[in-house]
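**Q** Got a file for you: entry_34.txt, compact mmCIF, C-alpha atoms.
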# COMPACT_ATOMS: atom_id res chain seq x y z
CA MET A 71 -60.64 37.90 80.50
CA THR A 72 -64.06 39.58 80.67
CA LEU A 73 -65.86 39.40 77.34
CA GLY A 74 -68.05 42.35 76.39
CA GLN A 75 -71.46 42.01 74.81
CA GLU A 76 -70.21 43.45 71.53
CA TYR A 77 -67.57 40.73 71.32
CA LEU A 78 -70.10 38.00 72.15
CA ASP A 79 -72.47 39.32 69.50
CA ALA A 80 -69.63 39.21 66.97
CA LEU A 81 -68.90 35.59 67.87
CA ALA A 82 -72.57 34.68 67.53
CA GLY A 83 -72.59 36.24 64.06
CA LEU A 84 -69.64 34.22 62.75
CA ARG A 85 -70.33 31.59 60.14
CA PRO A 86 -68.76 28.13 60.65
CA GLN A 87 -67.14 28.38 57.21
CA GLU A 88 -65.21 31.47 58.31
CA ILE A 89 -63.80 29.57 61.28
CA SER A 90 -63.00 26.40 59.35
CA THR A 91 -61.11 28.42 56.73
CA TYR A 92 -59.10 30.13 59.45
CA LEU A 93 -58.36 26.84 61.21
CA ALA A 94 -57.29 25.11 57.99
CA ASN A 95 -54.96 27.97 57.04
CA ALA A 96 -53.44 27.96 60.55
CA GLY A 97 -52.49 24.29 60.33
CA TRP A 98 -55.46 22.66 62.08
CA LEU A 99 -56.82 19.43 60.62
CA GLY A 100 -60.51 18.54 60.45
CA SER A 101 -61.12 15.25 62.23
CA ASP A 102 -64.19 13.35 63.48
CA VAL A 103 -67.73 14.58 62.89
CA ILE A 104 -69.99 14.50 65.92
CA GLY A 105 -73.60 15.23 65.04
CA ARG A 106 -73.64 18.64 63.39
CA SER A 107 -70.19 19.56 64.73
CA ARG A 108 -66.65 18.69 63.73
CA ILE A 109 -63.49 18.21 65.78
CA TRP A 110 -60.37 20.08 64.64
CA VAL A 111 -56.92 19.03 65.87
CA LEU A 112 -53.59 20.87 65.98
CA ASP A 113 -50.40 18.96 66.68
CA ASP A 114 -48.32 21.86 67.97
CA THR A 115 -44.84 21.72 69.52
CA GLY A 116 -46.45 22.77 72.78
CA GLY A 117 -48.82 19.78 72.72
CA GLU A 118 -51.90 18.56 70.92
CA PHE A 119 -54.93 20.84 70.95
CA GLU A 120 -58.52 20.10 70.01
CA VAL A 121 -61.58 22.27 69.36
CA LEU A 122 -65.19 21.47 68.48
CA LEU A 123 -66.60 23.62 65.70
CA PRO A 124 -70.43 23.70 65.51
CA GLY A 125 -71.70 23.36 61.96
CA ASP A 126 -74.92 25.34 62.30
CA THR A 127 -75.47 28.81 63.74
CA GLY A 128 -78.97 27.70 64.73
CA MET A 129 -77.69 25.29 67.39
CA ARG A 130 -78.81 26.34 70.87
CA ASP A 131 -75.29 26.08 72.32
CA TYR A 132 -73.61 27.72 69.32
CA LEU A 133 -72.30 30.74 71.25
CA PRO A 134 -70.89 28.81 74.26
CA ARG A 135 -69.07 26.50 71.88
CA MET A 136 -67.63 29.47 69.98
CA VAL A 137 -66.46 31.03 73.24
CA SER A 138 -64.74 27.77 74.18
CA LEU A 139 -63.16 27.49 70.72
CA PHE A 140 -61.72 31.00 70.89
CA GLN A 141 -60.37 30.36 74.39
CA VAL A 142 -58.34 27.49 72.99
CA LEU A 143 -57.16 29.57 70.02
CA SER A 144 -56.07 32.31 72.42
CA GLU A 145 -54.05 29.79 74.42
CA VAL A 146 -52.42 28.30 71.34
CA GLU A 147 -51.60 31.59 69.64
CA GLN A 148 -50.85 33.48 72.85
CA ARG A 149 -52.97 36.38 71.64
CA PRO A 150 -56.16 38.00 72.99
CA GLN A 151 -59.41 36.60 71.61
CA PRO A 152 -60.52 39.92 70.03
CA GLU A 153 -57.31 39.97 67.96
CA ILE A 154 -58.01 36.49 66.64
CA LEU A 155 -61.60 37.46 65.87
CA ARG A 156 -60.27 40.42 63.90
CA ASP A 157 -58.14 38.08 61.79
CA VAL A 158 -60.99 35.65 61.22
CA THR A 159 -63.23 38.41 59.90
CA ALA A 160 -60.56 40.43 58.06
CA LYS A 161 -61.78 40.87 54.50
CA ASN A 162 -58.86 42.39 52.63
CA ILE A 163 -55.93 42.17 55.05
CA ASP A 164 -53.27 39.51 55.48
CA SER A 165 -51.70 39.51 58.96
CA GLN A 166 -48.45 38.21 60.39
CA HIS A 167 -47.89 37.75 64.11
CA PHE A 168 -44.40 37.71 65.64
CA THR A 169 -44.40 36.30 69.18
CA THR A 170 -41.22 36.99 71.11
CA TYR A 171 -40.28 35.98 74.63
CA PRO A 172 -38.17 38.77 76.13
CA GLU A 173 -37.12 38.90 79.74
CA GLY A 174 -39.10 41.19 82.03
CA PRO A 175 -42.77 41.82 82.84
CA PRO A 176 -45.35 40.28 80.46
CA GLY A 177 -46.21 42.45 77.47
CA THR A 178 -42.97 44.45 77.70
CA THR A 179 -39.54 44.30 76.12
CA SER A 180 -36.32 46.26 76.36
CA VAL A 181 -35.76 49.19 74.01
CA VAL A 182 -32.79 47.39 72.44
CA ASP A 183 -34.78 44.21 71.75
CA ALA A 184 -37.70 46.23 70.38
CA VAL A 185 -35.46 48.16 67.99
CA ASP A 186 -33.94 44.91 66.73
CA ALA A 187 -37.37 43.32 66.23
CA TYR A 188 -38.72 46.26 64.22
CA GLU A 189 -35.56 46.37 62.12
CA GLY A 190 -36.04 42.65 61.53
CA LEU A 191 -39.54 43.34 60.18
CA ARG A 192 -38.23 45.73 57.56
CA TRP A 193 -35.55 43.35 56.31
CA LEU A 194 -37.95 40.41 56.38
CA TYR A 195 -40.41 42.11 54.03
CA ILE A 196 -37.59 43.23 51.74
CA ALA A 197 -36.32 39.64 51.58
CA GLY A 198 -39.85 38.39 50.83
CA ALA A 199 -40.47 40.95 48.10
CA TYR A 200 -37.09 40.26 46.52
CA ALA A 201 -37.83 36.52 46.48
CA VAL A 202 -40.77 37.32 44.17
CA ASP A 203 -39.33 40.22 42.17
CA GLY A 204 -35.65 39.27 41.90
CA GLU A 205 -33.28 36.43 41.01
CA PRO A 206 -32.28 34.01 43.80
CA ARG A 207 -29.03 35.18 45.40
CA LEU A 208 -27.30 34.39 48.67
CA VAL A 209 -26.31 38.05 49.05
CA LEU A 210 -28.96 40.44 47.77
CA PRO A 211 -27.73 43.34 45.62
CA ASN A 212 -27.46 46.80 47.13
CA ARG A 213 -29.65 48.18 44.35
CA LYS A 214 -33.03 46.50 44.34
CA SER A 215 -36.13 47.32 42.37
CA ARG A 216 -38.36 50.12 43.60
CA THR A 217 -41.11 47.55 44.14
CA VAL A 218 -38.91 45.64 46.58
CA GLU A 219 -37.56 48.68 48.42
CA GLU A 220 -41.00 50.18 48.93
CA PHE A 221 -42.88 47.04 49.94
CA PRO A 222 -42.34 47.63 53.71
CA ARG A 223 -44.11 50.99 53.32
CA HIS A 224 -47.38 49.12 52.73
CA VAL A 225 -47.07 47.13 55.97
CA ARG A 226 -48.94 48.49 58.99
CA LEU A 227 -48.23 47.55 62.61
CA ARG A 228 -50.62 47.03 65.48
CA PRO A 229 -49.40 47.95 68.97
CA PRO A 230 -48.47 44.96 71.15
CA ARG A 231 -51.04 43.80 73.71
CA ALA A 232 -50.64 42.44 77.22
CA GLY A 233 -49.15 38.98 77.63
CA SER A 234 -46.25 37.78 75.50
CA TYR A 235 -44.71 40.51 73.42
CA VAL A 236 -46.51 40.02 70.09
CA ILE A 237 -45.97 42.31 67.10
CA THR A 238 -48.75 42.14 64.51
CA ALA A 239 -48.20 43.36 60.96
CA GLU A 240 -50.99 43.89 58.44
CA VAL A 241 -50.67 43.99 54.65
CA PRO A 242 -53.70 45.15 52.58
CA LEU A 243 -54.54 42.93 49.63
CA SER A 244 -55.44 45.78 47.28
CA LEU A 245 -57.68 43.48 45.24
CA ARG A 246 -58.16 44.35 41.58
CA PRO A 247 -61.61 45.15 40.17
CA GLU A 248 -63.44 42.10 38.84
CA ALA A 249 -63.32 43.33 35.25
CA GLU A 250 -59.56 43.72 35.41
CA ALA A 251 -59.18 40.35 37.11
CA LEU A 252 -60.64 38.68 34.00
CA PHE A 253 -57.50 39.62 32.11
CA MET A 254 -55.09 39.50 35.06
CA PRO A 255 -55.99 36.45 37.14
CA GLU A 256 -52.81 36.61 39.20
CA GLU A 257 -53.02 37.05 42.95
CA PRO A 258 -52.16 40.52 44.23
CA PHE A 259 -48.43 41.14 44.54
CA SER A 260 -48.69 41.48 48.32
CA ARG A 261 -50.27 38.01 48.63
CA ARG A 262 -47.62 36.47 46.40
CA VAL A 263 -44.92 38.08 48.54
CA LEU A 264 -46.41 36.77 51.79
CA LEU A 265 -46.94 33.24 50.50
CA ARG A 266 -43.38 33.22 49.19
CA LEU A 267 -42.15 34.69 52.47
CA TYR A 268 -43.85 31.91 54.42
CA ASP A 269 -42.06 29.32 52.29
CA THR A 270 -38.68 31.05 52.59
CA ILE A 271 -39.01 31.28 56.39
CA ARG A 272 -39.74 27.55 56.51
CA ALA A 273 -36.71 26.93 54.30
CA ALA A 274 -34.55 29.05 56.59
CA LYS A 275 -35.78 27.11 59.61
CA ALA A 276 -34.97 23.79 57.93
CA ALA A 277 -31.51 25.10 57.01
CA ALA A 278 -30.93 26.34 60.57
CA ALA A 279 -31.94 22.97 62.03
CA GLU A 280 -29.63 21.07 59.65
CA ALA A 281 -26.81 23.56 60.20
CA SER A 282 -27.18 23.19 63.95
CA GLU A 283 -26.95 19.41 63.71
CA ALA A 284 -23.91 19.54 61.38
CA SER A 285 -22.33 22.69 62.86
CA ASP A 286 -21.86 23.82 59.27
CA LEU A 287 -23.48 26.63 57.24
CA SER A 288 -23.78 24.71 53.95
CA PRO A 289 -27.55 24.04 54.37
CA PHE A 290 -28.21 27.77 54.00
CA ALA A 291 -26.31 28.04 50.72
CA ASP A 292 -28.06 24.88 49.49
CA ARG A 293 -31.45 26.63 49.83
CA VAL A 294 -30.78 29.84 47.92
CA GLY A 295 -33.20 28.64 45.24
CA GLU A 296 -35.90 28.51 47.94
CA GLY A 297 -35.40 32.18 48.78
CA VAL A 298 -32.87 31.85 51.61
CA SER A 299 -30.47 34.79 51.71
CA VAL A 300 -28.17 36.56 54.12
CA THR A 301 -30.81 39.30 54.40
CA LEU A 302 -33.46 36.75 55.41
CA CYS A 303 -31.13 35.19 58.00
CA ARG A 304 -30.37 38.60 59.41
CA ALA A 305 -34.04 39.55 59.62
CA LEU A 306 -34.98 36.36 61.46
CA ALA A 307 -31.99 36.50 63.81
CA LEU A 308 -33.03 39.99 64.92
CA PHE A 309 -36.22 38.56 66.45
CA GLY A 310 -33.99 36.63 68.85
CA GLY A 311 -33.25 39.80 70.83
CA ALA A 312 -30.03 41.74 71.27
CA ASP A 313 -28.14 38.58 72.30
CA ARG A 314 -29.75 36.49 69.53
CA GLU A 315 -30.69 33.83 72.07
CA ARG A 316 -34.45 34.16 72.61
CA PRO A 317 -36.90 31.82 70.82
CA PHE A 318 -39.73 33.29 68.76
CA LYS A 319 -42.74 32.25 66.69
CA ILE A 320 -44.23 33.56 63.43
CA GLN A 321 -47.83 32.95 62.38
CA PHE A 322 -49.69 34.03 59.24
CA SER A 323 -53.41 34.85 58.92
CA TRP A 324 -55.09 35.43 55.56
CA ALA A 325 -57.80 37.74 54.25
CA SER A 326 -61.15 35.96 54.09
CA THR A 327 -61.93 37.39 50.63
CA LEU A 328 -59.05 35.44 49.09
CA PRO A 329 -58.51 32.05 50.78
CA THR A 330 -55.08 30.53 50.19
CA GLY A 331 -56.05 26.87 50.28
CA VAL A 332 -52.64 26.34 51.91
CA ARG A 333 -51.91 25.18 55.47
CA THR A 334 -49.62 27.75 57.06
CA SER A 335 -48.85 26.42 60.51
CA ALA A 336 -46.96 28.58 62.98
CA ILE A 337 -43.17 28.54 62.51
CA ARG A 338 -41.08 28.38 65.68
CA PHE A 339 -37.36 29.05 66.01
CA SER A 340 -35.37 27.57 68.87
CA GLU A 341 -32.28 29.05 70.50
CA PRO A 342 -29.82 26.78 68.59
CA GLU A 343 -31.53 27.64 65.29
CA ILE A 344 -31.29 31.37 66.03
CA ALA A 345 -27.59 30.97 66.82
CA MET A 346 -27.05 29.37 63.40
CA LEU A 347 -29.08 32.11 61.68
CA THR A 348 -26.81 34.67 63.34
CA GLN A 349 -23.69 32.80 62.27
CA ALA A 350 -25.05 32.58 58.71
CA GLU A 351 -25.79 36.31 58.66
CA GLU A 352 -22.27 37.16 59.80
CA ASP A 353 -20.27 34.69 57.70
CA LEU A 354 -22.13 33.84 54.48
CA GLY A 355 -21.70 37.30 53.02
CA HIS A 356 -17.88 37.05 53.04
CA ASP A 357 -16.04 34.97 50.46
CA ARG A 358 -12.67 35.30 52.21
CA ARG A 359 -11.30 33.79 55.37
CA GLN A 360 -11.65 36.11 58.34
CA GLU A 361 -9.11 35.68 61.13
CA GLN A 362 -9.12 37.24 64.61
CA GLU A 363 -7.54 36.45 67.94
CA ALA A 364 -10.27 35.24 70.27
CA ASP A 365 -11.07 33.68 73.62
CA VAL A 366 -13.60 30.85 73.41
CA THR A 367 -15.73 29.58 76.29
CA GLY A 368 -18.52 27.03 76.01
CA THR A 369 -19.62 23.42 76.22
CA ILE A 370 -18.71 20.46 74.02
CA PHE A 371 -21.46 19.88 71.44
CA LYS A 372 -19.86 16.86 69.78
CA LEU A 373 -16.56 15.03 69.24
CA GLU A 374 -15.19 13.32 66.13
CA ARG A 375 -12.07 11.15 65.96
CA ALA A 376 -11.22 8.30 63.59
CA ALA A 377 -8.87 6.46 65.96
CA PRO A 378 -7.65 6.89 69.57
CA GLU A 379 -4.06 7.64 68.53
CA GLN A 380 -5.08 10.39 66.12
CA MET A 381 -6.08 14.00 66.64
CA GLY A 382 -9.81 14.65 66.58
CA TRP A 383 -12.32 17.42 66.06
CA VAL A 384 -14.29 18.96 68.90
CA VAL A 385 -17.26 21.27 68.30
CA ILE A 386 -17.70 23.95 70.95
CA GLU A 387 -21.10 25.57 71.45
CA GLY A 388 -20.29 28.80 73.15
CA VAL A 389 -19.11 32.37 73.00
CA ALA A 390 -16.16 33.70 71.04
CA THR A 391 -14.85 37.04 72.30
CA THR A 392 -12.67 38.60 69.63
CA ARG A 393 -9.93 41.08 70.34
CA GLY A 394 -8.86 44.34 68.78
CA SER A 395 -10.76 47.47 67.82
CA GLU A 396 -13.83 45.49 66.78
CA ARG A 397 -14.10 43.43 69.97
CA ARG A 398 -17.39 41.56 70.10
CA THR A 399 -18.97 38.54 71.75
CA ARG A 400 -21.36 36.21 69.98
CA ARG A 401 -22.55 32.63 70.48
CA ARG A 402 -21.65 30.20 67.70
CA ARG A 403 -20.49 26.66 66.86
CA ILE A 404 -16.70 26.43 66.68
CA TRP A 405 -14.59 23.52 65.41
CA VAL A 406 -11.33 22.88 67.27
CA ARG A 407 -8.72 20.21 66.45
CA LEU A 408 -7.28 18.61 69.56
CA GLY A 409 -5.11 15.63 70.36
CA GLY A 410 -3.62 13.76 73.29
CA ASP A 411 -4.53 14.95 76.77
CA ASP A 412 -6.57 17.89 75.46
CA TYR A 413 -8.90 15.58 73.53
CA SER A 414 -9.24 13.34 76.58
CA SER A 415 -10.09 16.39 78.70
CA ALA A 416 -12.65 17.51 76.13
CA THR A 417 -14.25 14.06 76.23
CA ARG A 418 -14.55 14.26 80.01
CA ALA A 419 -16.03 17.77 79.76
CA HIS A 420 -18.59 16.47 77.25
CA ASP A 421 -19.55 13.52 79.48
CA TYR A 422 -20.05 15.69 82.57
CA GLY A 423 -21.45 18.82 80.91
CA LEU A 424 -18.48 20.97 81.96
CA ARG A 425 -17.48 24.19 80.22
CA VAL A 426 -14.13 24.64 78.55
CA HIS A 427 -11.97 27.64 77.74
CA MET A 428 -9.19 28.23 75.23
CA THR A 429 -7.47 30.93 73.18
CA GLY A 430 -6.49 30.94 69.54
CA VAL A 431 -7.13 32.36 66.08
CA LEU A 432 -10.81 32.36 65.16
CA VAL A 433 -11.15 31.56 61.45
CA ARG A 434 -14.54 32.22 59.89
CA THR A 435 -15.46 30.96 56.43
CA MET A 436 -18.66 30.52 54.46
CA SER A 437 -18.98 26.95 55.72
CA ARG A 438 -17.87 26.84 59.34
CA THR A 439 -15.90 28.51 62.13
CA GLN A 440 -12.65 27.02 63.41
CA LEU A 441 -10.21 27.93 66.18
CA GLU A 442 -6.63 27.43 65.09
CA ALA A 443 -3.29 27.82 66.91
CA VAL A 444 -5.08 26.72 70.08
CA ARG A 445 -3.48 27.68 73.38
CA GLY A 446 -4.36 27.15 77.01
CA PHE A 447 -7.13 24.56 76.62
CA ALA A 448 -8.73 24.11 80.05
CA VAL A 449 -11.79 22.47 81.58
CA LEU A 450 -13.66 24.79 83.94
CA GLU A 451 -14.47 22.49 86.82
CA HIS A 452 -16.76 24.98 88.58
CA GLY A 453 -18.71 26.57 85.74
Represent the supplied structure as structure tokens.
**A**
Amino acid sequence: MTLGQEYLDALAGLRPQEISTYLANAGWLGSDVIGRSRIWVLDDTGGEFEVLLPGDTGMRDYLPRMVSLFQVLSEVEQRPQPEILRDVTAKNIDSQHFTTYPEGPPGTTSVVDAVDAYEGLRWLYIAGAYAVDGEPRLVLPNRKSRTVEEFPRHVRLRPPRAGSYVITAEVPLSLRPEAEALFMPEEPFSRRVLLRLYDTIRAAKAAAAEASEASDLSPFADRVGEGVSVTLCRALALFGGADRERPFKIQFSWASTLPTGVRTSAIRFSEPEIAMLTQAEEDLGHDRRQEQEADVTGTIFKLERAAPEQMGWVVIEGVATTRGSERRTRRRRIWVRLGGDDYSSATRAHDYGLRVHMTGVLVRTMSRTQLEAVRGFAVLEHG
């Protein structure tokens, strides 16, 4: 990237405190002090990163060090350096960055995936506003307060830039006058919503990880008090693309006029976590068993059996294609009870990574999905 003189001048004019605040909020940790500079470290899922922040604008190599620092930030955040500079210097705007990884040329996405992502934004901000302005509920009411319904209207979007498909949303702080703040010391509503939203997204990720391990949706219901809801699960799942299978990352940046004092590291969702979010969105809102004829194809995620002579449970990670007028295909975790030769075949498929296929009645509940009345269990030897 070629850096213009205006950009370089802006870097040279940054104060070290502005950068350290940004780094701390983004999850970096201040480490060793070397002379008048300090090392900051980020232990990210993509590896460990390190930057050297000069402590004095009067240092002769201040600008080169700042250029190097922003190069690393650009690599970590997968955003252009000018965008990061904008966030560092933003006075009254909180920003959220949604990095998606669609198929196709860099910086592009399909119309279908884009529509889903933008719909996800709307529901995400509604879920965040409700978490502040409403009572914790797994299924949000159809009628919400005007404050909640209108919150997305205050969110502004920046057009995606080249590289990974990143959607940036900005929320003005709307700070109160100082005289009014003496009597109303609370943070602006928008800031409270975004801080709460950050916590609820982390709670949803933890629930998705636990649900993926257990192949059970209970962890989502257990975190309703932390702001997890069907609406939140739906919003997050939509960032996974039309097939709900693409990983994504969410990062928060905060207005410099009102530091949070809170580390808000980037939150990443993996493909298995997105699959569980999708399953939670589809099943947690229904308090009755849902039954449909379905074909199931997938791989064996795990097996459970108390004794060799007994029937055991097999968890399939794959696609269930339902039949009838509402035919649909979606990836999910499915429990199947097998015995005898079928369980032995499932064990072999698990050991060799082979796919299996079967037909039966797909039963969806608020805890897990099962396939009952299983017929035609088969191991697909050639994929």
**Q** Would you list the residues near (-55.9, 29.9, 50.8), meaning any protein, DNA or RNA residue with an atom at most 12 Å from that point in file coordinates, counting all atoms listed in the file, as a list in words?
**A**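 Looking at atoms near the point gives Ser90, Thr91, Tyr92, Leu93, Ala94, Asn95, Ala96, Gly97, Asp164, Glu257, Arg261, Arg262, Leu264, Leu265, Phe322, Ser323, Trp324, Ala325, Ser326, Thr327, Leu328, Pro329, Thr330, Gly331, Val332, Arg333 and Thr334 of chain A.
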**Q** When distances are computed from all atoms listed in the file, which of A:Ile89, A:Leu78, A:Ala390, A:Leu112 shows the smallest separation from Val433 in chain A?
**A**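 When distances to Val433 in chain A are compared using all atoms listed in the file, the smallest one comes from A:Ala390.
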**Q** Considering all atoms listed in the file, state which residue in the set A:Asp203, A:Ser414, A:Glu352, A:Glu147 is at the smallest distance from Gln380 in chain A.
**A** A:Ser414
**Q** To one decimal in Å, tell me the separation between CA of Thr435 in chain A and CA of Leu354 in chain A.
**A**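 Separation between CA of Thr435 in chain A and CA of Leu354 in chain A: 7.5 Å.
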**Q** What is the CA of Leu243 in chain A-CA of Pro211 in chain A distance in Å, reported with one decimal?
**A**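 Atom-to-atom, CA of Leu243 in chain A and CA of Pro211 in chain A are spaced 27.1 Å apart.
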**Q** Using only C-alpha atoms, determine which residues lie at most 7 Å from Ile320 in chain A, disregarding the query and same-chain residues fewer than 5 positions distant; provide the list as number ranges by chain.
**A** A: 166-169, 336-338
**Q** Dump range 294-303 of chain A with all heavy atoms to a file, as an mmCIF file, in the first residue's frame.
**A**
data_model
loop_
_atom_site.group_PDB
_atom_site.id
_atom_site.type_symbol
_atom_site.label_atom_id
_atom_site.label_comp_id
_atom_site.auth_asym_id
_atom_site.auth_seq_id
_atom_site.Cartn_x
_atom_site.Cartn_y
_atom_site.Cartn_z
ATOM 1 N N VAL A 294 -29.440 -17.110 29.119
ATOM 2 C CA VAL A 294 -30.449 -16.074 28.849
ATOM 3 C C VAL A 294 -30.194 -14.856 29.728
ATOM 4 O O VAL A 294 -30.334 -13.707 29.287
ATOM 5 C CB VAL A 294 -31.870 -16.633 29.079
ATOM 6 C CG1 VAL A 294 -32.908 -15.504 29.027
ATOM 7 C CG2 VAL A 294 -32.190 -17.688 28.036
ATOM 8 N N GLY A 295 -29.803 -15.069 30.973
ATOM 9 C CA GLY A 295 -29.518 -13.958 31.873
ATOM 10 C C GLY A 295 -28.356 -13.103 31.416
ATOM 11 O O GLY A 295 -28.209 -11.956 31.861
ATOM 12 N N GLU A 296 -27.520 -13.628 30.519
ATOM 13 C CA GLU A 296 -26.388 -12.880 29.974
ATOM 14 C C GLU A 296 -26.739 -12.198 28.655
ATOM 15 O O GLU A 296 -25.868 -11.637 27.997
ATOM 16 C CB GLU A 296 -25.189 -13.812 29.766
ATOM 17 C CG GLU A 296 -24.690 -14.446 31.045
ATOM 18 C CD GLU A 296 -23.558 -15.431 30.786
ATOM 19 O OE1 GLU A 296 -22.559 -15.049 30.136
ATOM 20 O OE2 GLU A 296 -23.678 -16.604 31.216
ATOM 21 N N GLY A 297 -28.016 -12.243 28.282
ATOM 22 C CA GLY A 297 -28.455 -11.560 27.073
ATOM 23 C C GLY A 297 -28.594 -12.440 25.852
ATOM 24 O O GLY A 297 -28.930 -11.958 24.766
ATOM 25 N N VAL A 298 -28.341 -13.747 25.989
ATOM 26 C CA VAL A 298 -28.476 -14.648 24.842
ATOM 27 C C VAL A 298 -29.956 -14.850 24.539
ATOM 28 O O VAL A 298 -30.763 -15.077 25.441
ATOM 29 C CB VAL A 298 -27.795 -15.999 25.124
ATOM 30 C CG1 VAL A 298 -28.106 -17.005 24.021
ATOM 31 C CG2 VAL A 298 -26.290 -15.805 25.245
ATOM 32 N N SER A 299 -30.306 -14.753 23.276
ATOM 33 C CA SER A 299 -31.687 -14.921 22.845
ATOM 34 C C SER A 299 -31.702 -15.551 21.466
ATOM 35 O O SER A 299 -30.667 -15.634 20.788
ATOM 36 C CB SER A 299 -32.407 -13.565 22.799
ATOM 37 O OG SER A 299 -31.826 -12.729 21.801
ATOM 38 N N VAL A 300 -32.867 -16.004 21.057
ATOM 39 C CA VAL A 300 -33.014 -16.549 19.703
ATOM 40 C C VAL A 300 -32.690 -15.474 18.670
ATOM 41 O O VAL A 300 -32.051 -15.742 17.638
ATOM 42 C CB VAL A 300 -34.445 -17.086 19.491
ATOM 43 C CG1 VAL A 300 -34.671 -17.473 18.039
ATOM 44 C CG2 VAL A 300 -34.691 -18.289 20.403
ATOM 45 N N THR A 301 -33.088 -14.240 18.946
ATOM 46 C CA THR A 301 -32.794 -13.133 18.025
ATOM 47 C C THR A 301 -31.294 -12.931 17.877
ATOM 48 O O THR A 301 -30.785 -12.729 16.770
ATOM 49 C CB THR A 301 -33.446 -11.836 18.535
ATOM 50 O OG1 THR A 301 -34.860 -12.009 18.594
ATOM 51 C CG2 THR A 301 -33.124 -10.661 17.609
ATOM 52 N N LEU A 302 -30.562 -12.984 18.980
ATOM 53 C CA LEU A 302 -29.104 -12.835 18.919
ATOM 54 C C LEU A 302 -28.479 -13.976 18.123
ATOM 55 O O LEU A 302 -27.597 -13.746 17.291
ATOM 56 C CB LEU A 302 -28.532 -12.801 20.336
ATOM 57 C CG LEU A 302 -27.010 -12.657 20.424
ATOM 58 C CD1 LEU A 302 -26.572 -11.265 19.972
ATOM 59 C CD2 LEU A 302 -26.519 -12.936 21.838
ATOM 60 N N CYS A 303 -28.925 -15.205 18.370
ATOM 61 C CA CYS A 303 -28.394 -16.355 17.625
ATOM 62 C C CYS A 303 -28.662 -16.205 16.137
ATOM 63 O O CYS A 303 -27.793 -16.495 15.305
ATOM 64 C CB CYS A 303 -29.016 -17.646 18.143
ATOM 65 S SG CYS A 303 -28.522 -18.082 19.834
#
